[in-house]
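Q: To be precise about what I am sending: the file is called start-v5.txt and holds compact mmCIF, C-alpha atoms.
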```txt
# COMPACT_ATOMS: atom_id res chain seq x y z
CA MET A 200 -11.82 21.83 -9.94
CA SER A 201 -12.12 19.52 -12.92
CA ALA A 202 -10.29 16.22 -13.07
CA SER A 203 -7.91 17.58 -15.74
CA SER A 204 -6.92 20.67 -13.73
CA ARG A 205 -3.43 20.87 -12.34
CA PRO A 206 -2.99 20.88 -8.55
CA LEU A 207 -2.88 24.16 -6.66
CA ARG A 208 0.76 24.96 -5.85
CA ILE A 209 1.25 26.33 -2.34
CA PHE A 210 4.24 27.36 -0.28
CA VAL A 211 4.08 27.25 3.53
CA ILE A 212 5.91 29.53 5.96
CA THR A 213 5.72 28.60 9.63
CA GLU A 214 7.70 28.60 12.88
CA ASP A 215 9.62 25.83 14.61
CA ASP A 216 7.18 24.99 17.43
CA PRO A 217 7.25 21.26 18.29
CA LEU A 218 4.56 21.59 20.97
CA TYR A 219 1.56 23.34 19.43
CA VAL A 220 2.03 24.48 15.83
CA ILE A 221 3.07 20.92 15.03
CA ARG A 222 -0.51 19.86 15.91
CA PHE A 223 -1.68 21.82 12.86
CA PHE A 224 0.73 19.94 10.62
CA ASP A 225 -0.13 16.55 12.10
CA VAL A 226 -3.57 17.01 10.53
CA PHE A 227 -2.70 19.18 7.53
CA LEU A 228 -0.01 16.90 6.10
CA ALA A 229 -2.01 13.73 6.80
CA GLU A 230 -5.31 14.91 5.30
CA LEU A 231 -4.16 17.19 2.45
CA PRO A 232 -5.56 15.90 -0.89
CA LYS A 233 -2.26 15.67 -2.74
CA ASP A 234 -3.95 15.23 -6.12
CA ARG A 235 -5.47 18.70 -5.74
CA ILE A 236 -2.94 20.58 -3.62
CA ASP A 237 0.83 20.40 -4.12
CA ILE A 238 3.20 21.79 -1.49
CA ALA A 239 6.01 23.35 -3.52
CA GLY A 240 8.09 23.90 -0.39
CA MET A 241 8.13 24.97 3.23
CA THR A 242 10.23 27.34 5.30
CA ILE A 243 10.38 26.82 9.08
CA SER A 244 11.67 29.88 10.93
CA ARG A 245 12.86 30.17 14.51
CA ALA A 246 10.12 31.28 16.91
CA PHE A 247 10.26 34.76 18.51
CA HIS A 248 13.55 35.74 16.76
CA GLU A 249 15.18 36.44 20.14
CA PRO A 250 17.83 34.75 22.38
CA ILE A 251 16.59 31.49 23.90
CA LEU A 252 17.08 32.73 27.49
CA ARG A 253 14.86 35.72 26.81
CA THR A 254 12.21 33.40 25.36
CA ALA A 255 12.49 31.11 28.39
CA LYS A 256 12.00 34.07 30.77
CA ARG A 257 8.97 35.24 28.79
CA ILE A 258 7.39 31.77 28.92
CA TRP A 259 8.21 31.34 32.63
CA ARG A 260 6.51 34.63 33.54
CA PHE A 261 3.47 33.61 31.50
CA TYR A 262 3.02 30.01 32.69
CA GLY A 263 4.37 30.24 36.24
CA THR A 264 7.07 27.99 37.69
CA ILE A 265 5.19 24.68 37.93
CA ASP A 266 3.59 24.80 34.47
CA PHE A 267 6.82 26.15 32.98
CA LEU A 268 8.68 23.09 34.29
CA ARG A 269 5.97 20.77 32.94
CA LEU A 270 6.18 22.48 29.56
CA LEU A 271 9.98 22.26 29.64
CA MET A 272 9.74 18.50 30.17
CA ARG A 273 7.51 18.23 27.10
CA TRP A 274 10.02 20.25 25.10
CA VAL A 275 12.91 18.03 26.23
CA LEU A 276 10.92 14.94 25.26
CA VAL A 277 10.26 16.15 21.71
CA LYS A 278 13.93 17.11 21.41
CA VAL A 279 14.94 13.59 22.40
CA THR A 280 12.41 11.87 20.13
CA GLY A 281 13.06 14.20 17.19
CA ARG A 282 9.38 15.05 16.75
CA ARG A 283 9.60 18.27 14.75
CA ILE A 284 7.61 19.98 12.00
CA GLY A 285 10.56 19.60 9.64
CA ALA A 286 10.68 15.84 10.19
CA LEU A 287 6.93 15.55 9.52
CA ALA A 288 7.27 17.59 6.33
CA GLN A 289 10.19 15.57 5.02
CA SER A 290 8.31 12.34 5.74
CA ALA A 291 5.49 13.72 3.59
CA GLY A 292 7.93 14.48 0.77
CA VAL A 293 7.92 18.25 1.28
CA THR A 294 11.06 20.19 0.33
CA LEU A 295 12.38 22.39 3.15
CA ILE A 296 13.94 25.74 2.22
CA ASP A 297 16.06 27.58 4.78
CA ALA A 298 15.87 31.37 5.01
CA THR A 299 17.55 33.91 7.26
CA SER A 300 14.59 36.14 6.42
CA VAL A 301 11.57 35.46 4.21
CA ASN A 302 11.84 39.07 3.02
CA SER A 303 15.45 38.72 1.84
CA PRO A 304 16.18 39.13 -1.89
CA GLU A 305 17.62 35.61 -1.99
CA PHE A 306 14.46 34.04 -0.60
CA LEU A 307 12.19 36.12 -2.86
CA GLU A 308 14.16 35.01 -5.91
CA ARG A 309 13.85 31.36 -4.96
CA LEU A 310 10.12 31.68 -4.27
CA ARG A 311 9.51 33.31 -7.67
CA ALA A 312 11.22 30.35 -9.34
CA LEU A 313 8.74 27.94 -7.72
CA ASP A 314 5.73 29.43 -9.56
CA VAL A 315 3.53 29.38 -6.45
CA ASP A 316 -0.23 29.98 -6.59
CA VAL A 317 -0.87 30.62 -2.88
CA LEU A 318 1.44 31.44 0.01
CA VAL A 319 0.23 29.99 3.33
CA SER A 320 1.28 31.47 6.67
CA VAL A 321 0.92 29.32 9.80
CA ALA A 322 2.22 31.16 12.89
CA ALA A 323 4.96 32.73 10.78
CA PRO A 324 7.17 34.82 13.12
CA GLU A 325 8.11 37.48 10.55
CA VAL A 326 6.07 40.33 9.09
CA PHE A 327 5.54 39.73 5.37
CA LYS A 328 6.50 42.81 3.35
CA GLY A 329 5.04 43.95 0.03
CA PRO A 330 7.53 42.22 -2.31
CA LEU A 331 6.87 38.84 -0.66
CA LEU A 332 3.08 39.30 -0.65
CA SER A 333 3.12 40.13 -4.37
CA ILE A 334 4.75 36.89 -5.56
CA PRO A 335 1.99 34.21 -5.37
CA ARG A 336 -0.40 34.36 -8.33
CA LEU A 337 -3.56 33.99 -6.26
CA GLY A 338 -2.47 35.68 -3.05
CA CYS A 339 -1.36 34.97 0.50
CA ILE A 340 -3.50 33.65 3.35
CA ASN A 341 -2.87 33.36 7.07
CA ILE A 342 -4.55 31.35 9.81
CA HIS A 343 -5.19 33.23 13.05
CA SER A 344 -6.65 31.72 16.24
CA GLY A 345 -8.85 34.70 17.02
CA ARG A 346 -11.85 36.64 15.74
CA LEU A 347 -10.83 39.62 13.61
CA PRO A 348 -10.51 42.51 14.05
CA GLN A 349 -11.32 42.15 17.77
CA TYR A 350 -8.41 39.82 18.57
CA ARG A 351 -5.56 40.91 16.35
CA GLY A 352 -1.98 40.29 17.45
CA MET A 353 -0.30 37.80 19.75
CA MET A 354 -1.83 34.96 21.77
CA PRO A 355 -5.41 35.39 20.49
CA THR A 356 -6.55 32.14 22.15
CA PHE A 357 -5.49 33.45 25.56
CA TRP A 358 -7.17 36.83 25.06
CA GLN A 359 -10.46 35.23 24.01
CA MET A 360 -10.46 32.99 27.07
CA ARG A 361 -9.56 35.88 29.36
CA ALA A 362 -12.43 37.91 27.92
CA GLY A 363 -14.95 35.18 28.74
CA GLU A 364 -15.86 34.32 25.16
CA ARG A 365 -17.99 31.21 24.64
CA ALA A 366 -15.83 30.09 21.73
CA ALA A 367 -12.38 30.68 20.31
CA THR A 368 -12.76 31.77 16.70
CA VAL A 369 -10.27 30.47 14.13
CA THR A 370 -9.93 32.85 11.18
CA ILE A 371 -8.35 32.45 7.76
CA HIS A 372 -7.75 35.80 6.12
CA GLU A 373 -5.97 37.42 3.22
CA MET A 374 -2.62 38.91 4.12
CA ALA A 375 -1.79 42.61 3.91
CA GLU A 376 1.26 44.61 4.96
CA LYS A 377 -0.52 45.54 8.20
CA LEU A 378 -0.78 42.59 10.60
CA ASP A 379 -4.10 40.71 10.73
CA ALA A 380 -5.71 43.34 8.50
CA GLY A 381 -6.70 41.47 5.32
CA GLY A 382 -10.21 40.36 4.39
CA VAL A 383 -11.67 37.35 6.21
CA VAL A 384 -12.03 34.25 4.03
CA ALA A 385 -13.27 31.60 6.50
CA THR A 386 -13.97 31.13 10.20
CA LEU A 387 -14.94 28.42 12.67
CA ASP A 388 -15.86 28.53 16.35
CA PHE A 389 -14.17 26.17 18.79
CA PRO A 390 -16.40 25.92 21.91
CA LEU A 391 -14.83 26.86 25.26
CA LEU A 392 -15.60 25.19 28.56
CA THR A 393 -16.53 27.22 31.64
CA HIS A 394 -13.25 26.13 33.25
CA ASP A 395 -10.87 25.30 30.45
CA SER A 396 -7.16 24.97 29.76
CA LEU A 397 -5.10 26.94 27.27
CA ASP A 398 -3.37 23.68 26.34
CA ARG A 399 -6.64 22.01 25.29
CA VAL A 400 -7.90 25.00 23.34
CA ILE A 401 -4.66 25.72 21.47
CA THR A 402 -4.33 22.05 20.54
CA GLY A 403 -7.96 21.82 19.41
CA THR A 404 -7.90 25.03 17.39
CA LYS A 405 -4.70 23.99 15.62
CA GLN A 406 -6.24 20.68 14.57
CA ALA A 407 -9.59 22.18 13.55
CA GLY A 408 -7.77 25.03 11.82
CA ALA A 409 -5.80 22.60 9.67
CA ARG A 410 -9.03 21.18 8.26
CA LEU A 411 -10.41 24.68 7.72
CA MET A 412 -7.24 25.59 5.82
CA ILE A 413 -7.61 22.56 3.53
CA GLN A 414 -11.26 23.46 2.83
CA THR A 415 -10.22 27.03 2.04
CA LEU A 416 -7.38 26.05 -0.29
CA LEU A 417 -9.75 23.82 -2.26
CA GLN A 418 -11.73 26.96 -3.17
CA PHE A 419 -8.79 28.32 -5.18
CA ASP A 420 -8.66 27.32 -8.84
CA PRO A 421 -5.20 27.71 -10.43
CA GLU A 422 -6.60 27.48 -13.97
CA THR A 423 -9.41 30.04 -13.79
CA GLY A 424 -7.83 32.19 -11.09
CA ALA A 425 -10.92 31.85 -8.90
CA ARG A 426 -10.46 32.62 -5.20
CA PRO A 427 -12.68 32.27 -2.15
CA ARG A 428 -14.77 35.34 -1.36
CA SER A 429 -13.37 37.57 1.37
CA VAL A 430 -15.06 40.03 3.72
CA PRO A 431 -13.11 43.24 4.47
CA ILE A 432 -12.51 44.20 8.10
CA ASP A 433 -12.05 47.58 9.76
CA ILE A 434 -9.01 47.28 12.03
CA SER A 435 -9.88 50.58 13.72
CA THR A 436 -12.73 48.74 15.50
CA GLY A 437 -10.38 46.17 17.00
CA LYS A 438 -7.25 46.04 19.13
CA TYR A 439 -3.75 44.70 18.54
CA ASN A 440 -2.86 42.51 21.52
CA ARG A 441 0.68 42.06 22.79
CA PHE A 442 2.12 39.14 24.75
CA PRO A 443 0.11 38.88 28.02
CA ASP A 444 1.42 40.70 31.10
CA PRO A 445 1.20 39.26 34.66
CA GLN A 446 -2.01 41.16 35.46
CA SER A 447 -3.75 39.72 32.40
CA VAL A 448 -2.63 36.22 33.43
CA ARG A 449 -4.12 36.75 36.90
CA GLU A 450 -7.42 37.84 35.33
CA TYR A 451 -7.35 34.76 33.09
CA ARG A 452 -6.82 32.44 36.07
CA ALA A 453 -9.53 34.25 38.04
CA ARG A 454 -12.03 32.90 35.50
CA GLY A 455 -11.08 29.39 36.54
CA HIS A 456 -8.97 28.68 33.45
CA ARG A 457 -5.70 26.74 33.61
CA MET A 458 -2.61 26.88 31.45
CA LEU A 459 -1.99 23.12 31.16
```
Write the structure described by the file as structure tokens, please.
A:
Amino acid sequence: MSASSRPLRIFVITEDDPLYVIRFFDVFLAELPKDRIDIAGMTISRAFHEPILRTAKRIWRFYGTIDFLRLLMRWVLVKVTGRRIGALAQSAGVTLIDATSVNSPEFLERLRALDVDVLVSVAAPEVFKGPLLSIPRLGCINIHSGRLPQYRGMMPTFWQMRAGERAATVTIHEMAEKLDAGGVVATLDFPLLTHDSLDRVITGTKQAGARLMIQTLLQFDPETGARPRSVPIDISTGKYNRFPDPQSVREYRARGHRML
């Protein structure tokens, strides 16, 4: 981009996760070159879109009692200290925009008014429908902590570790109406240890992914309309993974991996 070019205008949609997704924004907001990339706004949605007790039960079954209690203590601590993605964003001068649904007519109208070049999804908990995907001039991109199309769906870091992969692949891809189905724009491999922890790998991939996202956004040119090259994927060769069941967790632990 030439020195006279205007900054790329992006809008970010993410979820309210003060434990792990926030690690992405620690890096992203601190290292974003603000003279070249302008965040026009951010929407932070509630994770899971389900009652909190149902979420707690899901997490308890996944982590087990001891690690669940340790994780709960972390959550209480961030609640007390006020360490949230929204607070980080506001400190960086980013405008927060509330939305009951990012597919609602009201939200779409507001997003159109912002004249956004690229829509960025970071662990967004809602499926983006066609009208939303069509608004940004240069498209929508999502960051996914798994190799595509092999590890589509939920908890890709867990599934890669359970499968015995040597690295967790972070993928940035174009967004389509089908989940994790757009062309791959960029990837990086985060090495896994023989006996590793999900906590370490999720934290590390979020931080490394933030830098990969910045590098990717710098390949968009709002004046010429240039975009980074993407490689199509065939989702029929992969699998859409759901939230892990108890048997999958046992197989994960049998490899010598820990949760925390």
Q: Nearest residue to Val326 of chain A out of A:Ile212, A:Val277, A:Leu295, A:Leu411, using all atoms listed in the file?
A: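 Closest residue, counting all atoms listed in the file: A:Ile212.
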Q: Each residue of segment 396-450 of chain A with at least one atom at most 9 Å from segment 313-321 of chain A should appear once, together with its nearest atom pair and the corresponding distance in Å (one decimal); atoms considered: all atoms listed in the file; ordering: chain, then increasing residue number; output as JSON lines.
A:
```
{"residue": "A:Leu416", "atom": "CA", "partner": "A:Val317", "partner_atom": "CA", "distance": 8.4}
{"residue": "A:Phe419", "atom": "CA", "partner": "A:Val317", "partner_atom": "CA", "distance": 8.6}
{"residue": "A:Pro421", "atom": "CA", "partner": "A:Asp316", "partner_atom": "CA", "distance": 6.7}
```
Q: For Ala367 of chain A, which residue out of A:Gly345, A:Pro324, A:Gly352, A:Gly285 is the nearest one, using all atoms listed in the file?
A: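 Closest to Ala367 of chain A, using all atoms listed in the file: A:Gly345.
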Q: So which one's closest to Ala409 of chain A, A:Arg273, A:Lys278, A:Arg222, A:Arg361? Using all atoms listed in the file, please.
A: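 So, comparing all the options, the nearest one is A:Arg222.
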Q: Using atom CA of Thr242 of chain A and atom CA of Ala323 of chain A as the two end points, give the distance in Å to one decimal.
A: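 Taking atom CA of Thr242 of chain A and atom CA of Ala323 of chain A, their separation equals 9.3 Å.
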Q: Pick out the closest residue to Glu450 of chain A from this set: A:Thr393, A:Arg245, A:Phe357, A:Ile342. Count all atoms listed in the file.
A: A:Phe357
Q: Can you tell me, as a PyMOL selection string, what residues are no more than 7 Å from Pro445 of chain A when counting all atoms listed in the file, ignoring any on the same chain fewer than 3 positions away?
A: chain A and resi 261+448-449
Q: So which residues touch Lys377 of chain A within 12 Å, counting all atoms listed in the file, skipping near sequence neighbours fewer than 5 positions away, as a list in words?
A: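 Counting all atoms listed in the file, the residues come to Val326, Phe327, Lys328, Gly329, Leu332, Pro348, Arg351, Gly352, Gly382, Asp433, Ile434, Ser435 and Tyr439 of chain A.
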